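Below is the file model.csv, which contains CSV, C-alpha atoms and all ligand atoms.
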chain,number,residue,atom,x,y,z
Z,1,MET,CA,-4.8,17.2,-21.0
Z,2,LYS,CA,-1.4,18.9,-21.3
Z,3,LEU,CA,1.8,17.9,-19.7
Z,4,GLY,CA,4.1,20.7,-20.8
Z,5,SER,CA,4.2,20.6,-24.6
Z,6,LEU,CA,2.7,17.1,-24.6
Z,7,ASN,CA,-1.0,16.7,-25.4
Z,8,LEU,CA,-2.5,13.6,-23.8
Z,9,GLU,CA,-5.9,11.9,-24.1
Z,10,ASN,CA,-6.2,11.6,-20.3
Z,11,ARG,CA,-4.1,11.9,-17.1
Z,12,TYR,CA,-3.1,8.3,-16.7
Z,13,ILE,CA,0.4,7.0,-17.2
Z,14,LEU,CA,1.7,3.4,-17.1
Z,15,ALA,CA,5.0,3.5,-15.1
Z,16,PRO,CA,8.3,2.3,-16.4
Z,17,MET,CA,9.1,-1.2,-14.9
Z,18,LEU,CA,12.2,-3.1,-15.9
Z,19,ASN,CA,11.3,-6.6,-17.2
Z,20,VAL,CA,7.6,-5.8,-17.0
Z,21,THR,CA,6.5,-2.9,-19.2
Z,22,THR,CA,7.7,-4.5,-22.5
Z,23,SER,CA,5.9,-3.7,-25.7
Z,24,PRO,CA,3.4,-6.6,-25.5
Z,25,TYR,CA,2.7,-5.6,-21.8
Z,26,ARG,CA,2.1,-1.9,-22.7
Z,27,ARG,CA,-0.2,-2.9,-25.6
Z,28,PHE,CA,-2.1,-5.3,-23.3
Z,29,CYS,CA,-2.7,-2.6,-20.7
Z,30,ARG,CA,-3.9,-0.2,-23.5
Z,31,TYR,CA,-6.3,-2.9,-24.8
Z,32,PHE,CA,-8.5,-2.2,-21.7
Z,33,PHE,CA,-8.2,1.5,-21.6
Z,34,ASN,CA,-6.6,4.2,-23.8
Z,35,ILE,CA,-3.9,5.1,-21.3
Z,36,GLY,CA,-2.7,8.6,-22.0
Z,37,LEU,CA,1.0,7.7,-21.9
Z,38,VAL,CA,2.9,4.5,-21.5
Z,39,SER,CA,6.5,4.1,-20.4
Z,40,CYS,CA,9.4,1.9,-21.6
Z,41,PRO,CA,11.6,0.6,-18.8
Z,42,MET,CA,14.9,2.4,-18.1
Z,43,ILE,CA,17.7,2.1,-20.5
Z,44,TYR,CA,21.3,2.5,-19.4
Z,45,THR,CA,23.0,5.4,-21.3
Z,46,LYS,CA,26.4,3.8,-20.9
Z,47,ARG,CA,25.1,0.7,-22.7
Z,48,ILE,CA,23.8,2.7,-25.6
Z,49,ALA,CA,26.9,4.9,-25.8
Z,50,LYS,CA,29.0,1.8,-26.1
Z,51,ASN,CA,26.8,-0.3,-28.3
Z,52,PRO,CA,23.9,1.7,-29.8
Z,53,GLU,CA,22.4,-1.2,-31.7
Z,54,SER,CA,21.8,-3.0,-28.5
Z,55,VAL,CA,18.9,-0.8,-27.8
Z,56,GLU,CA,17.1,-1.8,-31.0
Z,57,LYS,CA,15.3,-4.8,-29.4
Z,58,ASP,CA,14.0,-2.5,-26.6
Z,59,LEU,CA,12.4,-0.2,-29.1
Z,60,PHE,CA,11.0,-2.5,-31.8
Z,61,LYS,CA,7.9,-1.0,-33.4
Z,62,ILE,CA,7.9,1.9,-30.8
Z,63,GLU,CA,6.3,4.1,-33.4
Z,64,GLU,CA,3.1,2.1,-33.1
Z,65,GLU,CA,2.7,3.0,-29.5
Z,66,ASN,CA,2.4,6.7,-29.3
Z,67,PRO,CA,2.2,8.5,-27.0
Z,68,ILE,CA,5.1,6.7,-25.3
Z,69,SER,CA,8.0,7.7,-23.1
Z,70,VAL,CA,11.6,6.4,-23.2
Z,71,GLN,CA,13.5,6.5,-19.9
Z,72,LEU,CA,17.2,6.8,-19.5
Z,73,ILE,CA,19.4,6.1,-16.5
Z,74,GLY,CA,23.0,7.2,-16.2
Z,75,SER,CA,25.1,10.0,-14.8
Z,76,ASP,CA,27.8,10.2,-17.4
Z,77,LEU,CA,27.4,13.4,-19.4
Z,78,GLU,CA,29.1,12.2,-22.6
Z,79,ALA,CA,27.1,8.9,-22.6
Z,80,LEU,CA,23.9,10.9,-22.2
Z,81,LYS,CA,24.7,13.2,-25.2
Z,82,LYS,CA,25.6,10.2,-27.4
Z,83,THR,CA,22.4,8.4,-26.3
Z,84,ILE,CA,20.2,11.4,-27.1
Z,85,ASP,CA,21.8,11.7,-30.5
Z,86,TYR,CA,21.3,8.0,-31.3
Z,87,LEU,CA,17.7,8.0,-30.1
Z,88,GLU,CA,16.5,11.1,-32.0
Z,89,SER,CA,15.6,9.0,-35.1
Z,90,TYR,CA,13.2,6.9,-33.0
Z,91,LYS,CA,9.6,8.0,-33.0
Z,92,PHE,CA,8.7,8.4,-29.3
Z,93,ASP,CA,7.1,11.3,-27.5
Z,94,VAL,CA,9.0,12.0,-24.2
Z,95,LEU,CA,12.5,11.5,-22.9
Z,96,ASP,CA,12.4,10.7,-19.2
Z,97,LEU,CA,15.4,10.9,-16.9
Z,98,ASN,CA,15.6,8.5,-14.0
Z,99,ALA,CA,16.5,10.1,-10.7
Z,100,GLY,CA,14.8,7.6,-8.4
Z,101,CYS,CA,16.1,4.1,-9.0
Z,102,PRO,CA,17.1,2.7,-5.5
Z,103,SER,CA,19.0,-0.4,-6.8
Z,104,LYS,CA,22.5,-1.1,-5.4
Z,105,ARG,CA,23.8,-1.0,-8.9
Z,106,ALA,CA,22.4,2.5,-9.5
Z,107,ILE,CA,23.6,3.9,-6.2
Z,108,LYS,CA,27.1,2.5,-6.7
Z,109,ALA,CA,27.3,4.1,-10.2
Z,110,LYS,CA,26.0,7.4,-8.7
Z,111,GLU,CA,23.0,7.4,-11.0
Z,112,GLY,CA,19.2,7.0,-10.6
Z,113,GLY,CA,18.2,7.6,-7.0
Z,114,TYR,CA,21.7,8.7,-6.1
Z,115,LEU,CA,21.0,11.9,-8.0
Z,116,MET,CA,18.6,12.9,-5.2
Z,117,LYS,CA,21.6,13.6,-3.1
Z,118,ASP,CA,23.7,15.0,-6.0
Z,119,LEU,CA,21.5,17.8,-7.2
Z,120,LYS,CA,24.5,19.5,-8.9
Z,121,ASN,CA,25.0,16.6,-11.3
Z,122,LEU,CA,21.3,16.2,-11.7
Z,123,LYS,CA,21.0,19.8,-12.8
Z,124,ILE,CA,23.8,19.4,-15.4
Z,125,LEU,CA,22.2,16.2,-16.8
Z,126,ILE,CA,18.8,17.9,-17.2
Z,127,GLN,CA,20.5,20.9,-18.9
Z,128,ILE,CA,22.2,18.5,-21.4
Z,129,ALA,CA,18.9,16.6,-22.1
Z,130,VAL,CA,17.0,19.9,-22.6
Z,131,LYS,CA,19.7,21.3,-24.8
Z,132,TYR,CA,20.4,18.3,-27.0
Z,133,SER,CA,17.1,16.6,-27.3
Z,134,ALA,CA,14.3,17.8,-29.6
Z,135,LYS,CA,11.7,15.8,-27.5
Z,136,PRO,CA,9.9,17.0,-24.4
Z,137,ILE,CA,11.9,16.0,-21.3
Z,138,SER,CA,10.5,14.7,-18.0
Z,139,LEU,CA,12.2,13.8,-14.8
Z,140,LYS,CA,11.3,11.0,-12.4
Z,141,ILE,CA,12.3,11.7,-8.8
Z,142,ARG,CA,11.6,10.5,-5.3
Z,143,THR,CA,10.8,12.6,-2.3
Z,144,GLY,CA,14.4,12.7,-1.3
Z,145,TYR,CA,17.4,10.4,-0.6
Z,146,GLU,CA,17.2,9.5,3.1
Z,147,LYS,CA,15.2,12.5,4.2
Z,148,PRO,CA,12.7,14.7,2.3
Z,149,PHE,CA,14.4,17.2,0.0
Z,150,ASN,CA,14.4,20.9,0.7
Z,151,ILE,CA,11.2,22.1,-1.1
Z,152,LYS,CA,12.7,25.5,-2.0
Z,153,GLU,CA,15.8,24.0,-3.4
Z,154,MET,CA,14.0,21.3,-5.5
Z,155,ALA,CA,11.4,23.8,-6.7
Z,156,LYS,CA,14.1,26.2,-7.9
Z,157,LEU,CA,15.9,23.4,-9.7
Z,158,VAL,CA,12.6,22.3,-11.4
Z,159,ASN,CA,11.3,25.8,-12.2
Z,160,ASP,CA,14.6,26.8,-13.8
Z,161,SER,CA,15.1,23.6,-15.7
Z,162,GLY,CA,13.2,23.7,-19.0
Z,163,LEU,CA,11.7,20.4,-18.2
Z,164,ASP,CA,8.1,19.7,-19.5
Z,165,PHE,CA,7.0,17.9,-16.3
Z,166,ILE,CA,8.0,16.0,-13.2
Z,167,ILE,CA,7.0,12.6,-12.0
Z,168,ILE,CA,7.4,11.9,-8.3
Z,169,HIS,CA,7.3,8.5,-6.6
Z,170,ALA,CA,6.2,9.5,-3.2
Z,171,ARG,CA,8.9,7.7,-1.2
Z,172,LEU,CA,12.5,8.3,-0.2
Z,173,VAL,CA,15.1,6.4,-2.2
Z,174,LYS,CA,16.2,4.8,1.1
Z,175,SER,CA,12.6,3.5,1.6
Z,176,ASN,CA,12.9,1.4,-1.6
Z,177,PHE,CA,9.4,0.0,-2.0
Z,178,SER,CA,8.6,-0.5,1.7
Z,179,LYS,CA,5.0,-0.4,2.8
Z,180,GLY,CA,3.8,2.5,5.0
Z,181,THR,CA,6.5,4.9,3.7
Z,182,LEU,CA,4.4,7.0,1.3
Z,183,ASP,CA,5.0,10.7,1.8
Z,184,LEU,CA,2.2,12.7,0.3
Z,185,GLU,CA,3.0,15.8,2.3
Z,186,THR,CA,6.3,16.4,0.4
Z,187,VAL,CA,4.4,15.8,-2.9
Z,188,LYS,CA,1.8,18.4,-1.9
Z,189,GLU,CA,4.4,21.0,-0.9
Z,190,LEU,CA,6.3,20.5,-4.1
Z,191,LYS,CA,3.2,20.8,-6.2
Z,192,GLU,CA,2.4,24.2,-4.5
Z,193,SER,CA,5.9,25.4,-5.3
Z,194,ILE,CA,6.5,24.5,-8.9
Z,195,THR,CA,5.3,26.0,-12.2
Z,196,ILE,CA,5.3,22.8,-14.3
Z,197,PRO,CA,2.9,19.8,-14.1
Z,198,LEU,CA,3.5,17.2,-11.5
Z,199,VAL,CA,2.6,13.5,-12.0
Z,200,GLY,CA,2.0,11.5,-8.7
Z,201,ASN,CA,3.1,7.9,-8.3
Z,202,GLY,CA,3.2,5.3,-5.5
Z,203,ASP,CA,0.8,2.8,-4.1
Z,204,ILE,CA,-2.2,3.7,-6.3
Z,205,ILE,CA,-4.0,0.4,-6.2
Z,206,ASN,CA,-7.7,1.3,-6.6
Z,207,PRO,CA,-10.0,4.2,-7.2
Z,208,ILE,CA,-10.0,5.2,-3.5
Z,209,SER,CA,-6.3,5.5,-3.3
Z,210,ALA,CA,-6.2,7.4,-6.5
Z,211,LYS,CA,-8.8,9.9,-5.2
Z,212,HIS,CA,-6.9,10.2,-1.9
Z,213,PHE,CA,-3.7,10.9,-3.7
Z,214,ILE,CA,-5.1,13.6,-5.9
Z,215,ASP,CA,-7.3,15.2,-3.2
Z,216,TYR,CA,-4.3,15.4,-0.9
Z,217,THR,CA,-1.6,16.6,-3.3
Z,218,ASN,CA,-3.5,18.2,-6.2
Z,219,VAL,CA,-1.1,16.4,-8.7
Z,220,ASP,CA,-2.0,16.9,-12.4
Z,221,ALA,CA,-1.8,13.2,-13.4
Z,222,PHE,CA,-1.2,9.7,-12.1
Z,223,MET,CA,1.4,7.1,-12.8
Z,224,ILE,CA,0.6,3.5,-12.0
Z,225,GLY,CA,2.9,0.6,-11.9
Z,226,ARG,CA,2.7,-2.6,-9.9
Z,227,GLU,CA,-1.1,-2.7,-9.6
Z,228,SER,CA,-1.4,-3.1,-13.4
Z,229,MET,CA,0.4,-6.5,-13.1
Z,230,GLY,CA,-2.5,-9.0,-13.4
Z,231,HIS,CA,-5.0,-6.1,-13.1
Z,232,PRO,CA,-4.8,-4.2,-16.4
Z,233,GLU,CA,-8.3,-2.7,-15.9
Z,234,ILE,CA,-7.1,-0.5,-13.1
Z,235,PHE,CA,-6.8,2.6,-15.3
Z,236,LYS,CA,-10.4,2.2,-16.5
Z,237,GLN,CA,-11.7,1.6,-13.0
Z,238,ILE,CA,-10.0,4.7,-11.6
Z,239,ASN,CA,-11.2,6.8,-14.5
Z,240,GLU,CA,-14.8,5.6,-14.1
Z,241,TYR,CA,-14.7,6.6,-10.5
Z,242,LEU,CA,-13.0,9.9,-10.9
Z,243,VAL,CA,-15.0,11.0,-14.0
Z,244,ASN,CA,-18.4,9.3,-13.6
Z,245,ASN,CA,-18.4,8.5,-9.9
Z,246,LYS,CA,-18.9,4.9,-10.8
Z,247,MET,CA,-17.3,2.0,-8.9
Z,248,VAL,CA,-16.8,-0.7,-11.5
Z,249,SER,CA,-15.7,-4.1,-10.2
Z,250,PHE,CA,-13.8,-6.7,-12.2
Z,251,LYS,CA,-14.0,-10.2,-11.0
Z,252,SER,CA,-10.9,-12.3,-11.4
Z,253,ASN,CA,-11.8,-15.9,-12.1
Z,254,ARG,CA,-10.6,-18.7,-14.4
Z,255,LYS,CA,-12.9,-17.6,-17.2
Z,256,THR,CA,-11.6,-14.0,-17.3
Z,257,MET,CA,-8.1,-15.3,-16.9
Z,258,GLU,CA,-8.5,-17.6,-19.9
Z,259,LYS,CA,-9.9,-14.7,-21.9
Z,260,TYR,CA,-7.1,-12.3,-20.9
Z,261,PHE,CA,-4.5,-15.0,-21.6
Z,262,LYS,CA,-5.8,-15.3,-25.2
Z,263,ILE,CA,-5.8,-11.6,-25.7
Z,264,TYR,CA,-2.2,-11.4,-24.4
Z,265,GLU,CA,-1.1,-14.2,-26.8
Z,266,ASN,CA,-2.7,-12.5,-29.8
Z,267,ILE,CA,-1.0,-9.2,-28.8
Z,268,ILE,CA,2.4,-11.0,-28.6
Z,269,ASP,CA,1.9,-12.7,-32.0
Z,270,GLU,CA,1.0,-9.5,-33.6
Z,271,PHE,CA,4.0,-7.7,-32.1
Z,272,LEU,CA,6.4,-10.5,-33.1
Z,273,ASP,CA,5.1,-10.7,-36.6
Z,274,GLY,CA,7.9,-9.6,-39.0
Z,275,ILE,CA,10.5,-9.3,-36.2
Z,276,SER,CA,13.5,-11.4,-36.3
Z,277,HIS,CA,14.7,-11.0,-32.8
Z,278,PRO,CA,18.2,-11.9,-31.5
Z,279,LEU,CA,16.4,-14.1,-29.0
Z,280,ASP,CA,14.1,-16.8,-30.4
Z,281,ASN,CA,10.5,-15.5,-30.7
Z,282,GLU,CA,9.1,-18.6,-29.1
Z,283,GLU,CA,11.3,-17.9,-26.1
Z,284,ILE,CA,10.0,-14.3,-25.8
Z,285,LYS,CA,6.5,-15.5,-26.1
Z,286,PHE,CA,7.0,-18.1,-23.4
Z,287,ILE,CA,8.6,-15.6,-21.0
Z,288,GLU,CA,5.9,-13.0,-21.6
Z,289,LEU,CA,3.0,-15.5,-21.2
Z,290,LYS,CA,4.5,-17.2,-18.2
Z,291,ARG,CA,4.9,-14.1,-16.1
Z,292,ASN,CA,1.6,-12.6,-17.1
Z,293,ALA,CA,-0.2,-15.9,-16.4
Z,294,ILE,CA,1.3,-15.8,-12.9
Z,295,TRP,CA,0.2,-12.2,-12.3
Z,296,LEU,CA,-3.3,-12.8,-13.8
Z,297,SER,CA,-3.9,-15.7,-11.4
Z,298,LYS,CA,-3.0,-13.7,-8.3
Z,299,ASN,CA,-6.6,-12.6,-7.4
Z,300,ILE,CA,-8.2,-15.9,-8.1
Z,301,ASP,CA,-9.3,-18.0,-5.2
Z,302,LYS,CA,-7.1,-21.0,-4.3
Z,303,SER,CA,-4.6,-20.2,-7.0
Z,304,THR,CA,-1.3,-20.7,-5.0
Z,305,ASN,CA,-0.9,-24.1,-6.4
Z,306,ILE,CA,-1.3,-23.0,-10.1
Z,307,ARG,CA,1.3,-20.3,-9.5
Z,308,ASN,CA,3.8,-22.8,-8.2
Z,309,GLN,CA,3.2,-25.0,-11.2
Z,310,LEU,CA,3.4,-22.2,-13.6
Z,311,SER,CA,6.7,-20.9,-12.1
Z,312,LYS,CA,8.3,-24.3,-12.8
Z,313,THR,CA,7.4,-24.5,-16.5
Z,314,LYS,CA,10.3,-24.5,-18.9
Z,315,ASN,CA,8.5,-24.0,-22.3
Z,316,LEU,CA,5.3,-23.0,-24.0
Z,317,ILE,CA,3.9,-26.5,-24.3
Z,318,GLN,CA,4.2,-27.1,-20.5
Z,319,LEU,CA,2.7,-23.7,-19.8
Z,320,LYS,CA,-0.3,-24.3,-22.0
Z,321,GLU,CA,-0.9,-27.8,-20.7
Z,322,ILE,CA,-1.0,-26.6,-17.1
Z,323,LEU,CA,-3.2,-23.6,-18.0
Z,324,GLY,CA,-5.6,-25.9,-20.0
Z,325,ASN,CA,-6.2,-28.0,-17.0
Z,326,PHE,CA,-6.7,-25.0,-14.8
Z,327,PHE,CA,-9.1,-23.3,-17.2
Z,328,SER,CA,-11.2,-26.4,-17.7
Z,329,PHE,CA,-11.6,-27.2,-14.0
Z,330,LYS,CA,-15.2,-26.8,-12.8
Z,331,SER,CA,-15.3,-25.7,-9.2
Z,401,LIG,C1,9.7,-4.6,-11.2
Z,401,LIG,C2,9.8,-3.1,-11.2
Z,401,LIG,C3,10.7,-2.4,-12.1
Z,401,LIG,C4,10.8,-1.1,-12.1
Z,401,LIG,N1,11.5,-0.4,-13.0
Z,401,LIG,C5,11.6,0.9,-13.1
Z,401,LIG,C6,12.3,1.6,-14.1
Z,401,LIG,O1,12.9,1.0,-15.0
Z,401,LIG,N2,12.3,3.0,-14.0
Z,401,LIG,C7,11.7,3.7,-13.1
Z,401,LIG,O2,11.8,4.9,-13.0
Z,401,LIG,N3,11.0,3.1,-12.1
Z,401,LIG,C8,11.0,1.7,-12.1
Z,401,LIG,N4,10.2,1.1,-11.1
Z,401,LIG,C9,9.4,1.9,-10.2
Z,401,LIG,C10,8.0,2.2,-10.8
Z,401,LIG,O3,8.1,2.9,-12.0
Z,401,LIG,C11,7.1,3.0,-9.8
Z,401,LIG,O4,7.7,4.2,-9.5
Z,401,LIG,C12,7.0,2.2,-8.4
Z,401,LIG,O5,6.7,0.9,-8.7
Z,401,LIG,C13,5.9,2.9,-7.6
Z,401,LIG,O6,4.6,2.9,-8.2
Z,401,LIG,P1,3.5,1.8,-7.9
Z,401,LIG,O7,3.3,1.8,-6.5
Z,401,LIG,O8,2.3,2.2,-8.8
Z,401,LIG,O9,4.1,0.4,-8.4
Z,401,LIG,C14,10.1,-0.3,-11.1
Z,401,LIG,C15,9.3,-1.0,-10.2
Z,401,LIG,C16,9.1,-2.3,-10.2
Z,401,LIG,C17,8.2,-3.0,-9.2

Let me see the structure of the file written as structure tokens.
Amino acid sequence: MKLGSLNLENRYILAPMLNVTTSPYRRFCRYFFNIGLVSCPMIYTKRIAKNPESVEKDLFKIEEENPISVQLIGSDLEALKKTIDYLESYKFDVLDLNAGCPSKRAIKAKEGGYLMKDLKNLKILIQIAVKYSAKPISLKIRTGYEKPFNIKEMAKLVNDSGLDFIIIHARLVKSNFSKGTLDLETVKELKESITIPLVGNGDIINPISAKHFIDYTNVDAFMIGRESMGHPEIFKQINEYLVNNKMVSFKSNRKTMEKYFKIYENIIDEFLDGISHPLDNEEIKFIELKRNAIWLSKNIDKSTNIRNQLSKTKNLIQLKEILGNFFSFKS
């Protein structure tokens, strides 16, 4: 499928998630299904402008992960220009601008979600990105700041922008991640009013919610974030349902968790091979495996105890010991 000038294998996108969608994580999700596009978590333009080399560790071996999107957050125009210039030598496929982050830090710095109420600066930032970057540009927005944006105004901004596509998290910035706040109506109205592709995002947790989202809004593609944590088969499940009308179930149990844990460990080892990281590689491996073990256990019966134990581990040896006992337990 096409998203602007970008050609993708399919219409599924792994969302950018800070401290989650690292390179091993993205590779792990792609192991189960050839996800059309994966996203790096947001990178602060001010940080790159000040210390460009600091971004190196975020983009190790990025050329092995195409198609992949790199997301920037920041509202300083000079910092954006410098960042774009610095990043051009990296082999990635889309440059995404963050206009949705609801964190206190972002709002205070007048960046991310704040841009939903500062369309003037948003427009200038887009113009700079489109002018200075040779890559396709996308924009990730929400449905408004504290009330839905004016459709005509947003559609004009988008249609005149030169962007390749838009991603919309179907919530207000003020709604943060609260349950029951999804606004598909605004997504639908925006889709009807714009001339570039729209990617829908927010609370897609199974094939049914994906179908409902697309039926209601007619978006061109999906972005999925939180559900992939501990449930990497979600993309495959949705695709089977939408393309082949098949409901494929995946049962979470100790056996599958053990298998997935091993797959994750192999992926990390392969990724770290040849990298001398500022942080100790063993520490990276521990952090990655610990949080993914916690997520992978979330759908297993009677697993609260194991999660408590895992969260207290301090190193790889402790982690593997606890998991070894858990995996070998016969219920
Ligand atoms: C831990 C976490 C980190 C996130 N980091 C980012 C980020 O770096 N950039 C961004 O645009 N959105 C970020 N998001 C928002 C997600 O990309 C996505 O829009 C949101 O989770 C809604 O989609 P979902 O319901 O499929 O999770 C983050 C969300 C979570 C839970």

Report the closest atom pair, with its distance in Å rounded to one decimal, for each residue of chain Z that has an atom no farther than 7 Å from ligand LIG 401 (chain Z); count only C-alpha atoms and all ligand atoms, sort by chain and then rising residue number, and write it as JSON lines.
{"residue": "Z:Ala15", "atom": "CA", "partner": "Z:LIG401", "partner_atom": "O3", "distance": 4.4}
{"residue": "Z:Pro16", "atom": "CA", "partner": "Z:LIG401", "partner_atom": "O3", "distance": 4.4}
{"residue": "Z:Met17", "atom": "CA", "partner": "Z:LIG401", "partner_atom": "N1", "distance": 3.2}
{"residue": "Z:Leu18", "atom": "CA", "partner": "Z:LIG401", "partner_atom": "N1", "distance": 4.0}
{"residue": "Z:Asn19", "atom": "CA", "partner": "Z:LIG401", "partner_atom": "C1", "distance": 6.5}
{"residue": "Z:Val20", "atom": "CA", "partner": "Z:LIG401", "partner_atom": "C1", "distance": 6.3}
{"residue": "Z:Pro41", "atom": "CA", "partner": "Z:LIG401", "partner_atom": "O1", "distance": 4.0}
{"residue": "Z:Met42", "atom": "CA", "partner": "Z:LIG401", "partner_atom": "O1", "distance": 3.9}
{"residue": "Z:Gln71", "atom": "CA", "partner": "Z:LIG401", "partner_atom": "N2", "distance": 7.0}
{"residue": "Z:Asn98", "atom": "CA", "partner": "Z:LIG401", "partner_atom": "O2", "distance": 5.3}
{"residue": "Z:Gly100", "atom": "CA", "partner": "Z:LIG401", "partner_atom": "O2", "distance": 6.1}
{"residue": "Z:Cys101", "atom": "CA", "partner": "Z:LIG401", "partner_atom": "O2", "distance": 5.9}
{"residue": "Z:Lys140", "atom": "CA", "partner": "Z:LIG401", "partner_atom": "O2", "distance": 6.1}
{"residue": "Z:His169", "atom": "CA", "partner": "Z:LIG401", "partner_atom": "O4", "distance": 5.2}
{"residue": "Z:Asn201", "atom": "CA", "partner": "Z:LIG401", "partner_atom": "O6", "distance": 5.2}
{"residue": "Z:Gly202", "atom": "CA", "partner": "Z:LIG401", "partner_atom": "O7", "distance": 3.6}
{"residue": "Z:Asp203", "atom": "CA", "partner": "Z:LIG401", "partner_atom": "O7", "distance": 3.6}
{"residue": "Z:Ile204", "atom": "CA", "partner": "Z:LIG401", "partner_atom": "O8", "distance": 5.4}
{"residue": "Z:Met223", "atom": "CA", "partner": "Z:LIG401", "partner_atom": "O8", "distance": 6.4}
{"residue": "Z:Ile224", "atom": "CA", "partner": "Z:LIG401", "partner_atom": "O8", "distance": 3.8}
{"residue": "Z:Gly225", "atom": "CA", "partner": "Z:LIG401", "partner_atom": "O8", "distance": 3.5}
{"residue": "Z:Arg226", "atom": "CA", "partner": "Z:LIG401", "partner_atom": "O9", "distance": 3.6}
{"residue": "Z:Glu227", "atom": "CA", "partner": "Z:LIG401", "partner_atom": "O8", "distance": 6.0}

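Atom to atom, atom CA of Pro197 of chain Z and atom CA of His212 of chain Z stand 18.4 Å apart.
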
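Atom to atom, atom CA of Lys82 of chain Z and atom CA of Leu125 of chain Z stand 12.6 Å apart.
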
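Atom CA of Glu146 of chain Z sits 12.7 Å away from atom CA of Ala170 of chain Z.
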
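Nearest to Lys320 of chain Z of all the residues Z:Leu289, Z:Ile126, Z:Ile238, Z:Leu190 is Z:Leu289, counting all atoms listed in the file.
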
Residue contacts of Asn34 of chain Z (9 Å, only C-alpha atoms) excluding same-chain residues fewer than 4 positions away, as JSON, numbers by chain: {"Z": [9, 10, 12, 29, 30, 235, 236]}

Got a sec to write segment 20-43 of chain Z of the block to a file, C-alpha atoms, as a PDB file, in the first residue's frame?
ATOM      1  CA  VAL Z  20       9.293   0.433  24.718  1.00  0.00           C
ATOM      2  CA  THR Z  21       9.830   0.392  20.938  1.00  0.00           C
ATOM      3  CA  THR Z  22      13.592  -0.109  21.075  1.00  0.00           C
ATOM      4  CA  SER Z  23      15.357  -1.896  18.254  1.00  0.00           C
ATOM      5  CA  PRO Z  24      15.081  -5.387  19.870  1.00  0.00           C
ATOM      6  CA  TYR Z  25      11.394  -4.732  20.578  1.00  0.00           C
ATOM      7  CA  ARG Z  26      10.681  -3.674  16.987  1.00  0.00           C
ATOM      8  CA  ARG Z  27      12.553  -6.710  15.655  1.00  0.00           C
ATOM      9  CA  PHE Z  28      10.620  -8.970  18.044  1.00  0.00           C
ATOM     10  CA  CYS Z  29       7.248  -7.650  16.834  1.00  0.00           C
ATOM     11  CA  ARG Z  30       8.335  -8.084  13.221  1.00  0.00           C
ATOM     12  CA  TYR Z  31       9.387 -11.665  13.944  1.00  0.00           C
ATOM     13  CA  PHE Z  32       5.684 -12.591  14.164  1.00  0.00           C
ATOM     14  CA  PHE Z  33       4.407 -10.548  11.245  1.00  0.00           C
ATOM     15  CA  ASN Z  34       6.042  -8.420   8.585  1.00  0.00           C
ATOM     16  CA  ILE Z  35       4.668  -5.126   9.970  1.00  0.00           C
ATOM     17  CA  GLY Z  36       4.548  -2.504   7.179  1.00  0.00           C
ATOM     18  CA  LEU Z  37       6.276   0.233   9.178  1.00  0.00           C
ATOM     19  CA  VAL Z  38       7.824   0.354  12.648  1.00  0.00           C
ATOM     20  CA  SER Z  39       8.507   3.503  14.668  1.00  0.00           C
ATOM     21  CA  CYS Z  40      11.362   4.663  16.857  1.00  0.00           C
ATOM     22  CA  PRO Z  41      10.317   6.484  20.041  1.00  0.00           C
ATOM     23  CA  MET Z  42      10.413  10.281  20.013  1.00  0.00           C
ATOM     24  CA  ILE Z  43      13.779  12.030  20.039  1.00  0.00           C
TER      25      ILE Z  43
END
